[in-house]
Each structure stands twice: as structure tokens, then as C-alpha cells.
>>> print(open('model_33.txt').read())   # compact mmCIF, C-alpha atoms and all ligand atoms
# COMPACT_ATOMS: atom_id res chain seq x y z
CA MET K 14 -59.30 66.63 -12.35
CA PHE K 15 -60.42 67.76 -15.78
CA ASN K 16 -64.18 67.59 -15.25
CA PHE K 17 -64.57 71.01 -16.78
CA LEU K 18 -63.52 69.44 -20.09
CA LYS K 19 -67.05 68.11 -20.48
CA LYS K 20 -68.14 71.69 -20.80
CA PHE K 21 -65.53 72.30 -23.50
CA SER K 22 -66.46 69.24 -25.57
CA ARG K 23 -70.16 70.10 -25.30
CA SER K 24 -69.48 73.56 -26.64
CA ALA K 25 -67.49 71.96 -29.48
CA LYS K 26 -70.54 69.98 -30.55
CA ASP K 27 -72.77 73.03 -30.23
CA THR K 28 -70.58 75.13 -32.49
CA ALA K 29 -69.82 72.40 -35.01
CA LYS K 30 -73.04 73.23 -36.88
CA LYS K 31 -71.48 76.49 -38.02
CA PHE K 32 -68.77 74.73 -39.97
CA PHE K 33 -69.34 73.38 -43.40
CA ARG K 34 -66.19 71.60 -44.36
CA LEU K 35 -66.10 68.78 -46.83
CA ILE K 36 -68.78 69.14 -49.43
CA ILE K 37 -69.28 65.58 -50.52
CA PRO K 38 -71.42 65.02 -53.63
CA TYR K 39 -74.63 63.04 -53.15
CA THR K 40 -73.40 60.19 -55.32
CA VAL K 41 -70.03 59.21 -56.70
CA ASP K 42 -69.14 56.80 -59.48
CA LYS K 43 -65.96 56.09 -61.46
CA GLU K 44 -66.56 59.13 -63.65
CA SER K 45 -67.10 61.62 -60.83
CA ILE K 46 -64.34 60.44 -58.52
CA LYS K 47 -62.26 63.46 -59.57
CA ASN K 48 -64.76 65.68 -57.72
CA ILE K 49 -63.96 63.97 -54.46
CA GLU K 50 -60.25 64.22 -55.14
CA ASN K 51 -60.60 67.99 -55.64
CA VAL K 52 -62.62 68.35 -52.43
CA LEU K 53 -59.89 66.52 -50.52
CA TYR K 54 -57.07 68.57 -52.01
CA ASP K 55 -59.03 71.77 -51.29
CA ALA K 56 -59.32 70.64 -47.70
CA ASP K 57 -55.50 70.29 -47.55
CA PHE K 58 -55.39 66.53 -47.12
CA GLY K 59 -52.59 66.75 -49.66
CA THR K 60 -50.57 63.96 -51.14
CA GLU K 61 -50.18 62.32 -47.72
CA ILE K 62 -53.84 61.37 -47.25
CA THR K 63 -55.81 62.05 -50.46
CA PRO K 64 -54.44 59.10 -52.51
CA GLU K 65 -55.21 56.72 -49.63
CA ILE K 66 -58.84 57.89 -49.50
CA ILE K 67 -59.18 57.74 -53.29
CA ASP K 68 -57.79 54.18 -53.36
CA GLU K 69 -60.37 53.11 -50.77
CA ILE K 70 -63.16 54.74 -52.78
CA LYS K 71 -61.96 53.04 -55.97
CA SER K 72 -61.85 49.73 -54.21
CA ALA K 73 -65.42 50.23 -52.92
CA LEU K 74 -66.50 51.13 -56.47
CA ARG K 75 -65.34 47.70 -57.61
CA HIS K 76 -68.23 46.23 -55.60
CA ASP K 77 -70.83 48.99 -56.10
CA ARG K 78 -71.30 50.96 -59.31
CA GLU K 79 -72.26 54.03 -57.34
CA LEU K 80 -71.49 55.20 -53.79
CA ARG K 81 -73.76 57.47 -51.78
CA ARG K 82 -72.61 60.43 -49.70
CA GLU K 83 -72.84 58.47 -46.47
CA ASN K 84 -70.59 55.72 -47.93
CA ILE K 85 -67.99 58.32 -48.91
CA ILE K 86 -68.16 59.95 -45.48
CA HIS K 87 -67.69 56.54 -43.92
CA ILE K 88 -64.61 55.86 -46.07
CA VAL K 89 -63.06 59.29 -45.40
CA SER K 90 -63.70 58.93 -41.66
CA MET K 91 -62.19 55.46 -41.64
CA VAL K 92 -59.00 56.62 -43.39
CA LEU K 93 -58.69 59.65 -41.12
CA LYS K 94 -59.20 57.54 -38.00
CA ARG K 95 -56.56 55.11 -39.24
CA ASN K 96 -54.07 57.92 -39.84
CA LEU K 97 -54.84 59.71 -36.58
CA GLU K 98 -54.57 56.62 -34.40
CA GLY K 99 -52.66 57.50 -31.24
CA SER K 100 -52.87 61.27 -31.89
CA GLU K 101 -55.07 62.24 -28.93
CA ALA K 102 -52.78 63.77 -26.33
CA SER K 103 -53.29 63.16 -22.65
CA LEU K 104 -53.77 66.43 -20.81
CA ASN K 105 -51.67 65.11 -18.00
CA ILE K 106 -48.54 66.98 -19.03
CA GLY K 107 -46.30 65.73 -16.24
CA GLU K 108 -45.50 66.11 -12.58
CA GLN K 109 -42.81 68.79 -12.69
CA ARG K 110 -43.64 72.15 -11.12
CA PRO K 111 -43.73 74.48 -12.86
CA GLN K 112 -44.58 72.72 -16.06
CA VAL K 113 -43.19 74.63 -19.02
CA ILE K 114 -45.21 74.82 -22.23
CA CYS K 115 -43.31 76.53 -25.01
CA LEU K 116 -45.30 77.52 -28.08
CA VAL K 117 -43.41 77.63 -31.35
CA GLY K 118 -44.43 78.13 -34.96
CA ALA K 119 -44.29 80.44 -37.93
CA ASN K 120 -45.22 84.09 -37.70
CA GLY K 121 -48.94 84.82 -37.60
CA VAL K 122 -50.13 81.24 -37.03
CA GLY K 123 -51.72 82.16 -33.71
CA LYS K 124 -49.08 81.49 -31.03
CA THR K 125 -49.70 84.56 -28.88
CA THR K 126 -53.46 84.10 -28.98
CA THR K 127 -53.05 80.39 -28.22
CA ALA K 128 -50.78 81.23 -25.25
CA ALA K 129 -53.60 83.35 -23.84
CA LYS K 130 -56.18 80.64 -24.54
CA LEU K 131 -54.02 78.03 -22.81
CA ALA K 132 -53.58 80.32 -19.82
CA HIS K 133 -57.36 80.64 -19.62
CA PHE K 134 -57.85 76.89 -20.12
CA TYR K 135 -55.48 75.85 -17.34
CA LYS K 136 -56.63 78.64 -15.03
CA THR K 137 -60.19 77.37 -15.46
CA ALA K 138 -58.86 73.93 -14.48
CA GLY K 139 -57.64 75.44 -11.21
CA LYS K 140 -53.99 75.79 -12.14
CA ASP K 141 -51.82 78.72 -11.18
CA VAL K 142 -50.48 79.94 -14.51
CA MET K 143 -47.84 82.42 -15.66
CA LEU K 144 -47.09 83.68 -19.16
CA GLY K 145 -43.66 84.52 -20.55
CA SER K 146 -43.34 86.77 -23.58
CA CYS K 147 -40.27 85.51 -25.44
CA ASP K 148 -41.30 87.02 -28.77
CA THR K 149 -39.15 90.08 -28.24
CA PHE K 150 -38.78 90.56 -31.99
CA ARG K 151 -42.38 91.54 -32.71
CA ALA K 152 -43.15 94.54 -30.51
CA ALA K 153 -46.90 93.94 -30.78
CA ALA K 154 -46.54 90.40 -29.39
CA ASN K 155 -45.36 91.79 -26.05
CA GLU K 156 -48.25 94.24 -25.87
CA GLN K 157 -50.72 91.60 -27.03
CA LEU K 158 -49.64 89.11 -24.35
CA ASN K 159 -49.56 91.74 -21.60
CA SER K 160 -53.04 92.84 -22.59
CA TRP K 161 -54.28 89.22 -22.47
CA GLY K 162 -52.55 88.83 -19.11
CA SER K 163 -54.45 91.72 -17.58
CA LYS K 164 -57.76 90.61 -19.12
CA LEU K 165 -57.30 87.08 -17.78
CA SER K 166 -55.63 88.11 -14.51
CA VAL K 167 -52.58 86.05 -15.37
CA GLU K 168 -49.13 87.35 -14.55
CA VAL K 169 -46.88 88.00 -17.58
CA VAL K 170 -43.09 88.16 -17.54
CA SER K 171 -41.82 90.24 -20.43
CA SER K 172 -38.95 92.47 -21.41
CA GLN K 173 -38.36 95.29 -23.82
CA HIS K 174 -38.40 94.94 -27.61
CA GLY K 175 -35.17 93.35 -28.88
CA ALA K 176 -34.22 91.70 -25.57
CA ASP K 177 -32.68 88.22 -25.60
CA PRO K 178 -35.63 85.76 -25.68
CA ALA K 179 -33.62 83.19 -23.70
CA ALA K 180 -33.06 85.74 -20.94
CA VAL K 181 -36.82 86.38 -20.78
CA ALA K 182 -37.46 82.62 -20.62
CA PHE K 183 -34.91 82.30 -17.81
CA ASP K 184 -36.44 85.19 -15.83
CA ALA K 185 -39.95 83.85 -16.36
CA TYR K 186 -38.91 80.36 -15.22
CA LYS K 187 -37.22 81.74 -12.10
CA ALA K 188 -40.28 83.88 -11.34
CA ALA K 189 -42.61 80.91 -11.85
CA ILE K 190 -40.58 78.85 -9.37
CA ALA K 191 -40.38 81.71 -6.86
CA ARG K 192 -44.15 82.26 -7.01
CA GLY K 193 -45.02 78.56 -6.89
CA LYS K 194 -46.74 78.51 -10.29
CA ASP K 195 -48.07 75.24 -11.71
CA ILE K 196 -47.63 76.11 -15.37
CA LEU K 197 -45.46 78.55 -17.29
CA ILE K 198 -46.52 79.21 -20.90
CA LEU K 199 -43.86 80.74 -23.13
CA ASP K 200 -44.74 82.55 -26.34
CA THR K 201 -41.89 82.69 -28.87
CA ALA K 202 -41.06 84.53 -32.10
CA GLY K 203 -41.99 83.11 -35.47
CA ARG K 204 -40.20 85.32 -37.90
CA LEU K 205 -36.60 84.79 -38.93
CA HIS K 206 -34.55 87.70 -37.69
CA VAL K 207 -32.20 89.46 -40.00
CA LYS K 208 -29.17 88.59 -37.96
CA SER K 209 -30.14 85.59 -35.90
CA ASN K 210 -31.58 82.24 -36.74
CA LEU K 211 -34.97 81.33 -35.30
CA MET K 212 -34.06 77.70 -34.59
CA ALA K 213 -30.80 78.73 -32.88
CA GLU K 214 -32.79 81.23 -30.82
CA LEU K 215 -35.27 78.53 -29.73
CA GLN K 216 -32.46 76.08 -28.97
CA LYS K 217 -30.87 78.73 -26.76
CA ILE K 218 -34.13 79.13 -24.81
CA PHE K 219 -34.10 75.41 -23.99
CA ARG K 220 -30.38 75.42 -23.18
CA VAL K 221 -30.83 78.28 -20.76
CA LEU K 222 -33.90 76.67 -19.11
CA LYS K 223 -31.98 73.41 -18.74
CA LYS K 224 -29.13 75.28 -17.06
CA SER K 225 -31.61 76.48 -14.52
CA ASN K 226 -33.02 72.97 -14.04
CA PRO K 227 -31.16 70.07 -15.73
CA ASP K 228 -34.18 67.79 -15.12
CA LEU K 229 -36.63 70.09 -16.85
CA VAL K 230 -38.58 68.43 -19.67
CA PRO K 231 -40.35 71.28 -21.46
CA ASN K 232 -43.50 70.72 -23.50
CA VAL K 233 -42.71 72.10 -26.94
CA TRP K 234 -45.91 72.55 -28.88
CA LEU K 235 -46.02 73.59 -32.51
CA VAL K 236 -48.93 75.84 -33.43
CA LEU K 237 -50.24 75.19 -36.95
CA ASP K 238 -52.53 77.47 -38.91
CA SER K 239 -55.39 75.56 -40.52
CA ALA K 240 -55.57 78.12 -43.33
CA ILE K 241 -52.02 77.36 -44.45
CA GLY K 242 -51.69 74.41 -46.78
CA SER K 243 -49.09 71.77 -47.36
CA ASN K 244 -46.01 73.98 -46.67
CA THR K 245 -47.03 73.51 -43.08
CA ILE K 246 -45.81 69.93 -43.09
CA GLU K 247 -42.33 70.84 -44.34
CA SER K 248 -42.11 73.60 -41.74
CA ALA K 249 -43.29 71.21 -39.00
CA LYS K 250 -40.61 68.72 -40.02
CA THR K 251 -37.94 71.42 -39.72
CA PHE K 252 -39.15 72.51 -36.26
CA HIS K 253 -39.18 68.89 -35.12
CA ALA K 254 -35.72 68.12 -36.48
CA GLU K 255 -34.21 71.27 -34.96
CA ILE K 256 -35.85 71.55 -31.56
CA GLY K 257 -37.77 68.31 -30.92
CA LEU K 258 -41.51 68.93 -30.69
CA THR K 259 -43.69 67.20 -28.12
CA GLY K 260 -47.13 68.33 -29.26
CA LEU K 261 -49.26 69.96 -31.95
CA ILE K 262 -52.04 72.55 -31.79
CA MET K 263 -54.13 73.47 -34.82
CA ALA K 264 -55.30 77.08 -34.66
CA LYS K 265 -58.03 78.77 -36.71
CA LEU K 266 -60.13 75.68 -37.31
CA ASP K 267 -63.15 78.00 -37.31
CA GLY K 268 -62.34 79.44 -40.75
CA THR K 269 -63.25 78.08 -44.13
CA SER K 270 -60.40 75.58 -44.24
CA ALA K 271 -60.79 71.99 -43.15
CA GLY K 272 -57.37 71.86 -41.55
CA GLY K 273 -56.47 68.69 -43.43
CA THR K 274 -52.78 69.42 -42.89
CA LEU K 275 -53.24 68.34 -39.28
CA VAL K 276 -53.64 64.73 -40.42
CA GLY K 277 -50.67 64.98 -42.79
CA ALA K 278 -48.52 66.56 -40.07
CA TYR K 279 -49.47 63.84 -37.59
CA LYS K 280 -48.80 61.13 -40.16
CA LYS K 281 -45.31 62.53 -40.78
CA LEU K 282 -44.32 63.39 -37.21
CA HIS K 283 -46.35 61.15 -34.92
CA ILE K 284 -46.55 63.82 -32.23
CA PRO K 285 -49.69 64.00 -30.07
CA ILE K 286 -52.27 66.66 -30.87
CA TYR K 287 -53.35 68.64 -27.81
CA PHE K 288 -55.82 71.31 -28.83
CA ILE K 289 -57.64 72.98 -31.68
CA GLY K 290 -58.24 76.73 -31.79
CA THR K 291 -61.70 77.76 -32.93
CA GLY K 292 -61.77 81.54 -32.64
CA GLU K 293 -60.14 84.62 -31.21
CA THR K 294 -61.65 84.59 -27.74
CA PRO K 295 -59.86 83.04 -24.75
CA ASP K 296 -62.38 80.21 -24.46
CA SER K 297 -62.18 79.17 -28.12
CA LEU K 298 -59.79 76.32 -27.49
CA GLU K 299 -60.88 72.71 -27.44
CA GLN K 300 -59.09 69.57 -26.41
CA PHE K 301 -58.35 67.62 -29.57
CA SER K 302 -60.28 64.44 -30.18
CA ILE K 303 -60.43 62.43 -33.39
CA GLU K 304 -64.20 62.11 -33.07
CA ASN K 305 -64.70 65.83 -32.71
CA TYR K 306 -62.32 66.63 -35.56
CA ILE K 307 -64.20 64.30 -37.92
CA HIS K 308 -67.52 65.62 -36.64
CA ARG K 309 -66.36 69.10 -37.64
CA LEU K 310 -65.55 67.95 -41.15
CA PHE K 311 -69.01 66.49 -41.64
CA PRO K 312 -71.53 68.64 -39.86
CA PRO K 313 -75.11 67.33 -39.66
CA ASP K 314 -76.40 69.51 -42.53
CA ASN K 315 -74.01 67.76 -44.89
CA LEU K 316 -75.61 64.44 -43.99
CA GLN K 317 -79.17 65.69 -44.07
CA LYS K 318 -79.15 67.31 -47.51
CA SER K 319 -80.77 64.93 -49.94
CA HIS K 320 -79.22 66.33 -53.09
CA GLY K 321 -75.61 67.38 -53.67
P1 LIG F 401 -48.51 84.74 -33.78
O1 LIG F 401 -47.75 85.68 -34.66
O2 LIG F 401 -48.24 83.31 -34.12
O3 LIG F 401 -48.30 85.02 -32.32
O4 LIG F 401 -50.08 84.94 -34.11
P2 LIG F 401 -51.22 85.75 -33.29
O5 LIG F 401 -51.56 85.05 -32.03
O6 LIG F 401 -50.83 87.18 -33.21
O7 LIG F 401 -52.45 85.54 -34.27
C1 LIG F 401 -52.49 86.04 -35.59
C2 LIG F 401 -53.93 86.36 -35.93
O8 LIG F 401 -54.69 85.16 -35.93
C3 LIG F 401 -54.60 87.28 -34.92
O9 LIG F 401 -55.43 88.17 -35.61
C4 LIG F 401 -55.43 86.33 -34.06
O10 LIG F 401 -56.57 86.96 -33.47
C5 LIG F 401 -55.83 85.29 -35.09
N1 LIG F 401 -56.11 83.98 -34.49
C6 LIG F 401 -55.35 83.24 -33.65
N2 LIG F 401 -55.95 82.06 -33.35
C7 LIG F 401 -57.12 82.05 -34.01
C8 LIG F 401 -58.22 81.08 -34.13
O11 LIG F 401 -58.22 79.97 -33.57
N3 LIG F 401 -59.26 81.46 -34.94
C9 LIG F 401 -59.29 82.67 -35.59
N4 LIG F 401 -60.34 82.93 -36.35
N5 LIG F 401 -58.30 83.56 -35.51
C10 LIG F 401 -57.23 83.26 -34.74
>>> encode(input="model_33.txt", output="C-alpha cells")
Amino acid sequence: MFNFLKKFSRSAKDTAKKFFRLIIPYTVDKESIKNIENVLYDADFGTEITPEIIDEIKSALRHDRELRRENIIHIVSMVLKRNLEGSEASLNIGEQRPQVICLVGANGVGKTTTAAKLAHFYKTAGKDVMLGSCDTFRAAANEQLNSWGSKLSVEVVSSQHGADPAAVAFDAYKAAIARGKDILILDTAGRLHVKSNLMAELQKIFRVLKKSNPDLVPNVWLVLDSAIGSNTIESAKTFHAEIGLTGLIMAKLDGTSAGGTLVGAYKKLHIPIYFIGTGETPDSLEQFSIENYIHRLFPPDNLQKSHG
């Protein structure tokens, strides 16, 4: 069913060369361990993961006076794999028709762009997709999504600026049922309104959808921005506590950041990771895999350089 994914993972490997993430020194001993710690904090592995990696390195240094770059990479990979165990989401998102995927997250993280990328992804997989523009607060979001819709030939349900987002979600859901769509992707607002509360607004969207279909189990995916550091984890915890997340997507993993918060967020929330965003074009979305994520952190040139 998802044969086309092979194409996506191949392109992930092809592009990975462009990314230079963790710059691991050629050798590390007790004196230079601080360098590694700084690299890990810079990569946003934060206090959730960094101490665990450092402890493993220290323990390895009890046996060997000096560790080489490949030993360090092995240790980092091992700790990341351990912490990401169970994180790879299955793309089989359920049997309900239409499936609802609701994207939530802070303002500017990449929700609208990710909605378009997902529409493209599922359309390429042969699914009949519809988009719903529930970010009625940010006028540009509506325009942005409608523009993506026409570029991708995907129908968009939207309303005017300031409309009730739950009403747009309801209309979009009804339209998706009426037109026999397989998947409805809802974009939502990220900024706190002056008068209303974002979480209450999102909860209302789900209440209204449930009224329409009490059996509906929406996919609620939090979009994270790889360039934003450890605040992300606190924000993710709030989203999860308030609206119950079912998945994570890490956008902007093509920048200079390593997106280490993804591991911290998974460690805290234990919610499957579906995709990573690697650019601004509709096809720059890759299914998340632990192997690919680690591969991105340590591109081949890092391994080949003989001196750090
Ligand atoms: P929203 O406010 O969460 O809906 O965020 P947008 O979708 O409007 O994205 C904010 C900015 O991030 C835009 O300039 C997007 O083009 C950019 N963006 C989104 N995803 C990615 C990505 O994966 N990589 C890069 N480089 N830019 C992205």
C-alpha cells in the first residue's frame, strides 16, 4: 500500500549529505569531555538526554583512556536508539473514513506548510484528501492553505478571517463525508488570541467533530520546530495534557539545528513520531525512522574526516 515510501526514504538518504549536525571531535578523553557535552546541548538534547550520553561516555572512558570519534558516535546512537524505542509510527492511521488529521502547535512552527505536505504525501499514496483551514486567526494562513490547495489540486474548506474554527472543522468534516474523502487534514491556529484560549478553541473543535460522529477518533499531531530548543518540551506537555496528542511531527530538520528536542519530547510523552519536515516544498516530508534520524545526525563526511 505504501510502496511509494521507498522513494521517500531513498531521497532522505540522498539529501542527508547536506546536513552536518553533530560535530564530534576526533578523540575524547576525560579532559575534553566538556566539548561533547557542549555539542549535545547545542543540538538541543537538553537535560533529558545529554547526561545519559555523558554517563555512558564516562563509563567507556573507565576502560579506555581515549575514545575515538566512531566510539562516541556509537555511544550517542545507542542512547538515542534506547530513548526512541517504540517511536516509529505506523502509517496505517485507522479504518475510519474520512480519517481526520488535526495539526496543532505553536505559531510559526510549520503547521500550514506541513498540512500541505501531508496532503501531497497522502495524495501521492492514492488517497482522496481534503484540507480544512481552521486557523481563522491568522489571515495569511487561510490564503497560504488555499494557495497550496490549488497548487496541489486538493480541495480546501475555509471561511473568512475571524470565523469560529470549530465551525470550519465541522463544515470541512461534513464536506469530506459528502464527497467521500479518505483523509481530512485540519490546520489550526497557534497563537493565543486576545480573548479566547487556544486550548479551549482546540477542545471545541474536537467536541464539535465528535457531535457530528461520536465514534470519530481524530489523529492529533503536534508539529514541532527543530530550531526551537527545550521550551518545546514544556509546550508539548501542555498540548498533550489539554487535548491529548496522538502523534508528533518535527518540521525544519533541514536547518542548522539537530532537532534534539524530538528525542526529549518523545522521552517525556511517548507519542509516536510520524514525519520529519525537511524543507518548504510539498515533497520535503519524510516518514520518521530512527535509523534515518540518526543517519542525519552523523552524515558520512563526519565519519570520513580524519582530524577533528
Ligand atoms: P504555522 O504558523 O505553524 O502554520 O507555520 P507555517 O507553515 O506558516 O511555516 C512558518 C515558516 O516555516 C514558513 O516560512 C515555512 O515555509 C517554513 N517551514 C515550514 N516547514 C519547514 C521545513 O520543514 N523546513 C524549512 N526550511 N522551512 C519550513
>>> closest_residue(input="model_33.txt", among="K:Glu50, K:Glu255, K:Glu69, K:Asp238", to="ligand LIG 401 (chain F)", atoms="only C-alpha atoms and all ligand atoms")
K:Asp238
>>> residues_near_point(input="model_33.txt", point="(-41.6, 82.5, -22.3)", cutoff="9 Å", atoms="only C-alpha atoms", output="JSON, numbers by chain")
{"K": [113, 114, 115, 116, 144, 145, 146, 147, 148, 169, 170, 171, 178, 179, 181, 182, 183, 184, 185, 186, 197, 198, 199, 200, 201, 218]}
>>> closest_atom_pairs(input="model_33.txt", of="chain K", to="ligand LIG 401 (chain F)", cutoff="7 Å", atoms="only C-alpha atoms and all ligand atoms", output="CSV")
residue,atom,partner,partner_atom,distance
K:Gly118,CA,F:LIG401,O2,6.5
K:Ala119,CA,F:LIG401,O2,6.2
K:Asn120,CA,F:LIG401,O1,4.3
K:Gly121,CA,F:LIG401,O1,3.3
K:Val122,CA,F:LIG401,O2,4.0
K:Gly123,CA,F:LIG401,O4,3.3
K:Lys124,CA,F:LIG401,O2,3.7
K:Thr125,CA,F:LIG401,O5,3.7
K:Thr126,CA,F:LIG401,O5,3.7
K:Thr127,CA,F:LIG401,N2,6.1
K:Ala154,CA,F:LIG401,O3,6.4
K:Gly203,CA,F:LIG401,O1,6.4
K:Ala264,CA,F:LIG401,O11,4.3
K:Lys265,CA,F:LIG401,O11,3.4
K:Leu266,CA,F:LIG401,O11,6.0
K:Asp267,CA,F:LIG401,N3,5.7
K:Gly268,CA,F:LIG401,N4,6.0
K:Gly290,CA,F:LIG401,O11,3.7
K:Thr291,CA,F:LIG401,O11,4.2
K:Gly292,CA,F:LIG401,N3,3.4
K:Glu293,CA,F:LIG401,C10,4.8
K:Ser297,CA,F:LIG401,O11,6.8
>>> closest_atom_pairs(input="model_33.txt", of="stretch 200-284 of chain K", to="stretch 80-100 of chain K", cutoff="8 Å", atoms="all atoms listed in the file", output="CSV")
residue,atom,partner,partner_atom,distance
K:Val276,CA,K:Leu97,CA,6.4
K:Tyr279,CA,K:Leu97,CA,6.8
K:Lys280,CA,K:Asn96,CA,6.2
K:His283,CA,K:Ser100,CA,7.2
K:Ile284,CA,K:Ser100,CA,6.8
>>> residues_around(input="model_33.txt", residues="K:Val41", least_positions_apart="3", cutoff="10 Å", atoms="all atoms listed in the file", output="count of residues only")
17
>>> axis_aligned_box(input="model_33.txt", around="stretch 161-165 of chain K", padding_each_side="8 Å", output="JSON")
{"center_x": -55.2, "center_y": 89.4, "center_z": -20.0, "size_x": 21.2, "size_y": 20.6, "size_z": 20.9}
>>> atom_distance(input="model_33.txt", atom1="atom CA of K:Lys217", atom2="atom CA of K:Glu168")
23.6 Å
>>> residues_near_point(input="model_33.txt", point="(-58.0, 67.7, -45.5)", cutoff="10 Å", atoms="all atoms listed in the file", output="ChimeraX atom specification")
/K:34-35,52-59,61-63,89,93,239,242-243,270-277,310
>>> closest_residue(input="model_33.txt", among="K:Leu158, K:Phe252, K:Gln112, K:Val117", to="K:Leu222", atoms="all atoms listed in the file")
K:Gln112
>>> atom_distance(input="model_33.txt", atom1="atom CA of K:Arg204", atom2="atom CA of K:Leu282")
22.3 Å
>>> residues_around(input="model_33.txt", residues="K:Asp296", least_positions_apart="5", cutoff="10 Å", atoms="only C-alpha atoms", output="list in words")
Phe21, Ser24, Ala129, Lys130, Leu131, Ala132, His133, Phe134, Thr137, Gly290 and Thr291 of chain K
>>> atom_distance(input="model_33.txt", atom1="atom CA of K:Lys223", atom2="atom CA of K:Ser103")
24.0 Å
>>> closest_residue(input="model_33.txt", among="K:Gln300, K:Pro295, K:Arg309, K:Val221", to="K:Thr269", atoms="all atoms listed in the file")
K:Arg309
>>> residues_around(input="model_33.txt", residues="K:Ala102", least_positions_apart="2", cutoff="10 Å", atoms="only C-alpha atoms", output="short mmCIF file (atom, residue, chain, number, x, y, z; two decimals) with C-alpha atoms, in the frame of the given file")
data_model
loop_
_atom_site.label_atom_id
_atom_site.label_comp_id
_atom_site.auth_asym_id
_atom_site.auth_seq_id
_atom_site.Cartn_x
_atom_site.Cartn_y
_atom_site.Cartn_z
CA GLY K 99 -52.66 57.50 -31.24
CA SER K 100 -52.87 61.27 -31.89
CA LEU K 104 -53.77 66.43 -20.81
CA ASN K 105 -51.67 65.11 -18.00
CA ILE K 106 -48.54 66.98 -19.03
CA THR K 259 -43.69 67.20 -28.12
CA GLY K 260 -47.13 68.33 -29.26
CA LEU K 261 -49.26 69.96 -31.95
CA ILE K 284 -46.55 63.82 -32.23
CA PRO K 285 -49.69 64.00 -30.07
CA ILE K 286 -52.27 66.66 -30.87
CA TYR K 287 -53.35 68.64 -27.81
CA PHE K 288 -55.82 71.31 -28.83
CA GLN K 300 -59.09 69.57 -26.41
CA PHE K 301 -58.35 67.62 -29.57
CA SER K 302 -60.28 64.44 -30.18
#
